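Below you'll find the structure, written out as C-alpha cells, and then a few comments.
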Amino acid sequence: MGHELYCAGHLIQAGVATARATGDCSLLAVARRFADLIDDVFGNDPARGTDGHPEIEVALAELYRQTGETRYLRLADTLTRRRGFGTFAGGRFDLDYYQDAEPVRDARGIVGHAVRALYLAAGVTDIYAETGDEALLASMLRQWDDLASAKSYLTGGVGSRHYGEAIGNAYELPPDRAYCETCASIASMMWNWRMLLVTGESRFADLFERTLYNGFLSGLSLDGESFFYAKPLQSRTGEHRHRWNRVACCPPNIMRLLASLHHYLATVTDDGIQLHQYASSTIRAGDVVLSVETAYPWDGTVTVEVVESPDREWTLALRVPAWAREATLDGQAVAAGGYAEVRRRWRDGTQVVLLLDVSPRLTVPNPRIDAVRGCLAIERGPVVYCLEQPDLAPGLDLADVAADPAADPVDNGPVPQLGGLPSVALTGVVRDLDGWRQSEYRDLRALPAATAGSPTQLLAVPYFAWANRSGGAMRVWIPVAE
C-alpha cells in the first residue's frame, strides 16, 4: 500500500532521462537492476499483488522504450491487470483510493486518490501505445470523458476532497475546498500528452494547456522559491505558499515538468509537423527547422517561419484552441477546437501567421455544480483570472462584491506588483448586505428590501499569480449581481 514502487518508478525515469540527455548510462544501469528485481519478485507471483501508488507503470514503459527489453513492458501490463480484485481490502482507505475497485479495462469512470488515478492512466495509455490493446484505450476514453465533463476544475485542477486527496462525485467541485494537488496537475498533463499522442485529438492538448497555465503554474510562486501543495479556487482569509513541505513530492515534480516543457510543444509524423503548445522556440524535426515567434498567451499572434525544408510536400498543423472565439490562419478564418493545416512544398523563409482572439471573456459553470451556481469567472485566452483582496478599494470586503454579467470584461494594463502581468477590469457592484449582518438565514417572505448596490470597478489578475502579494481573500468564481 506504500510508495516503494512509486519511488522506484521515479528512479527508473531519472535513469532513462539521464541516459537520453547526457549519454551517461550509469544511473540507467542501476534502474535496470532495480527493475529486474521487481520483475523477479512481482512478475510471476500473483500473490504479490501490485503497487500501492501507481507511477512505476509509466517508468517501466519508458524503460522498455529505452532498452527494447520486453520484460519491462510485460511487467507494467501485469501490474495493471492485477488491479480491481480487492488486493488492498482492509487498508486505511477504500478500494477506489488505491485504484483497486474495478479492473482497469472495465472502469466506468475516474475515481479515488487523484494522483494515483492520473499516474495510472498515464501508464495505461503508455501500455496501449505499445500493445494496441483497444480495451485499454476504451477505458481511458471513458475515464477522460468523466474527468473533463464533470470532475475537473476550471483551472484544470483535479481533486475536490481533502480526505483521501480524492476525486469527488460528478459536479462535486467546491472552490473553497478544492484540493487540486500540484502533482495531480502534473500527472494530468502527463496523461493528456499521451492521449494526444495516441489519438491526435486537440481536446487533449487543450486540457494540457488549461492545466499548464492555471492548475500547474499556480503551484509555484513568481520568484520560484515557494510552493503550493493544494490549491483552492477560493480563500476567505488568504494563503501562503510554503518553501518546503514534509511531503516533498510537488517541488521536484514542478522542476521536472519545467525542465521537460519543450518536449510538449510539437510532434512529427510521416505527414508533417504538428504544433500543440505555443512558445517562442526553434523546432527541429529531421530535415525541417521551424522558428516560432510569439508572446503567447498574452498575445494571440503566432508566427511560424520555415527556416529549412526539404524539396517535398508536407503538412504543418497548428492547434486552434476550443476557447478561441475567433481565429485566422494567414487571414483566413479557421475553426476552433482542432488543427488548422497547411500542406505545400515549403520554401525556406516562408511564414504562416496564426491569430487567436485572446480578449477577456466571461465563463459560467454547468448548473449542476451546486457550489458555484449563480457565479461567473473571467478568462483571457487560456488563462483563468481571479479577484484578490489587495485589488479592492480600501474598506471593501471581497465577500460583498458581485459582477455585472451584462458588462464586457476589458484589458486593464499591467500589475507592477506581479511583474507586469496583464489585468482585466469588469464592472461590478458592492452589495448592500447590512440587513443580513446578524443572521445566516431568513424567511423567504421577509427578506431585507433589495437594493441595487453601489457600482465599483473590479480588477482581476491571473489565478496562477495569486498569493504573491500581501495576502487576503481570493476567488475565481464571482457572484452575479441580481
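Residues in the C-alpha cells are named by chain (A, B, ... in the order shown) and by number from 1 within that chain; ligands are numbered from 1 in the order shown.
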DSSP strand (DSSP E) selection over stretch 23-217 of chain A, as a list in words: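 Of stretch 23-217 of chain A, only Gly112, His113, Ala166 and Ile167 of chain A fall in strand (DSSP E).
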Neighbouring residues of A:Tyr385 were defined as those with any atom within 6 Å, considering only C-alpha atoms; residues of the same chain fewer than 4 positions away were excluded. Please report them as a ChimeraX atom specification. /A:378-379,460-463
List the spatial neighbours of stretch 254-256 of chain A as a PyMOL selection string - criterion: any atom at most 12 Å away, only C-alpha atoms, same-chain residues fewer than 5 positions off excluded. chain A and resi 10+13-14+17+181-187+189-190+212+215-221+224-229+248-249+261-263
Can I get the selected residues back with C-alpha atoms, as a PDB file, in the first residue's frame?
ATOM      1  CA  HIS A  10      10.861   7.901 -10.313  1.00  0.00           C
ATOM      2  CA  GLN A  13      12.591   7.561 -15.052  1.00  0.00           C
ATOM      3  CA  ALA A  14      15.601   9.505 -13.806  1.00  0.00           C
ATOM      4  CA  ALA A  17      16.217  10.728 -18.690  1.00  0.00           C
ATOM      5  CA  GLU A 181      -2.693  18.958  -5.612  1.00  0.00           C
ATOM      6  CA  THR A 182       0.103  20.258  -7.818  1.00  0.00           C
ATOM      7  CA  CYS A 183       1.271  16.697  -8.512  1.00  0.00           C
ATOM      8  CA  ALA A 184      -2.242  15.898  -9.759  1.00  0.00           C
ATOM      9  CA  SER A 185      -1.946  18.725 -12.286  1.00  0.00           C
ATOM     10  CA  ILE A 186       1.384  17.336 -13.464  1.00  0.00           C
ATOM     11  CA  ALA A 187       0.002  13.807 -13.691  1.00  0.00           C
ATOM     12  CA  MET A 189      -0.629  16.811 -18.123  1.00  0.00           C
ATOM     13  CA  MET A 190       1.353  13.590 -18.479  1.00  0.00           C
ATOM     14  CA  LEU A 212      -0.324  24.197 -17.530  1.00  0.00           C
ATOM     15  CA  GLY A 215      -3.663  24.290 -12.243  1.00  0.00           C
ATOM     16  CA  PHE A 216       0.081  23.717 -12.541  1.00  0.00           C
ATOM     17  CA  LEU A 217       1.647  27.176 -12.660  1.00  0.00           C
ATOM     18  CA  SER A 218      -0.236  28.358  -9.569  1.00  0.00           C
ATOM     19  CA  GLY A 219       1.769  25.795  -7.605  1.00  0.00           C
ATOM     20  CA  LEU A 220       4.910  27.943  -7.920  1.00  0.00           C
ATOM     21  CA  SER A 221       5.470  31.480  -6.630  1.00  0.00           C
ATOM     22  CA  GLY A 224      10.275  30.410  -7.885  1.00  0.00           C
ATOM     23  CA  GLU A 225      11.096  29.931  -4.210  1.00  0.00           C
ATOM     24  CA  SER A 226       7.860  28.709  -2.621  1.00  0.00           C
ATOM     25  CA  PHE A 227       5.183  26.172  -3.472  1.00  0.00           C
ATOM     26  CA  PHE A 228       1.559  25.196  -3.055  1.00  0.00           C
ATOM     27  CA  TYR A 229       0.743  21.565  -2.367  1.00  0.00           C
ATOM     28  CA  ALA A 248       8.083  16.740  -0.734  1.00  0.00           C
ATOM     29  CA  CYS A 249       6.662  15.400  -3.995  1.00  0.00           C
ATOM     30  CA  LEU A 261       8.404  21.506 -21.069  1.00  0.00           C
ATOM     31  CA  HIS A 262       9.978  21.920 -24.502  1.00  0.00           C
ATOM     32  CA  HIS A 263       9.194  18.288 -25.288  1.00  0.00           C
TER      33      HIS A 263
END
Can you tell me which residues surround stretch 417-424 of chain A at a distance of at most 12 Å, considering only C-alpha atoms, apart from same-chain residues fewer than 2 positions away, and format the answer as a PyMOL selection string? chain A and resi 221-223+297-299+358-362+377-381+383-388+390-391+408-415+426-427+457-470
Point out the residue among A:Val292, A:Ala336, A:Pro365, A:Glu341 with the least atom-to-atom distance to A:Thr315, counting only C-alpha atoms.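 For A:Thr315, the nearest of the candidates is A:Glu341.
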Distance atom CA of A:Leu120-atom CA of A:Pro321, one decimal place?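 These atoms are spaced 26.7 Å apart.
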Please list as a list in words every residue within 10 Å of A:Thr267, counting only C-alpha atoms and excluding residues in the same chain fewer than 3 positions away. Leu196, Leu197, Gly200, His263, Tyr264, Gly272, Ile273, Gln274, Leu275, His276, Ile283, Ala285 and Ala317 of chain A
Kindly indicate which residue among A:Gln332, A:Ser280, A:Ser160, A:Gln234 lies nearest to A:Gly472, using only C-alpha atoms for the distances. A:Gln234
Polymer residues at most 12 Å from A:Val364, only C-alpha atoms, same-chain spacing of 6 or more positions, as JSON, numbers by chain: {"A": [154, 372, 373, 374, 375, 376, 377, 378, 379, 403, 405, 476, 477, 478, 479, 480]}
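With distances restricted to only C-alpha atoms, A:Gly349 is the closest residue to A:Glu305 from A:Gly349, A:Pro382, A:Gly86, A:Pro54.
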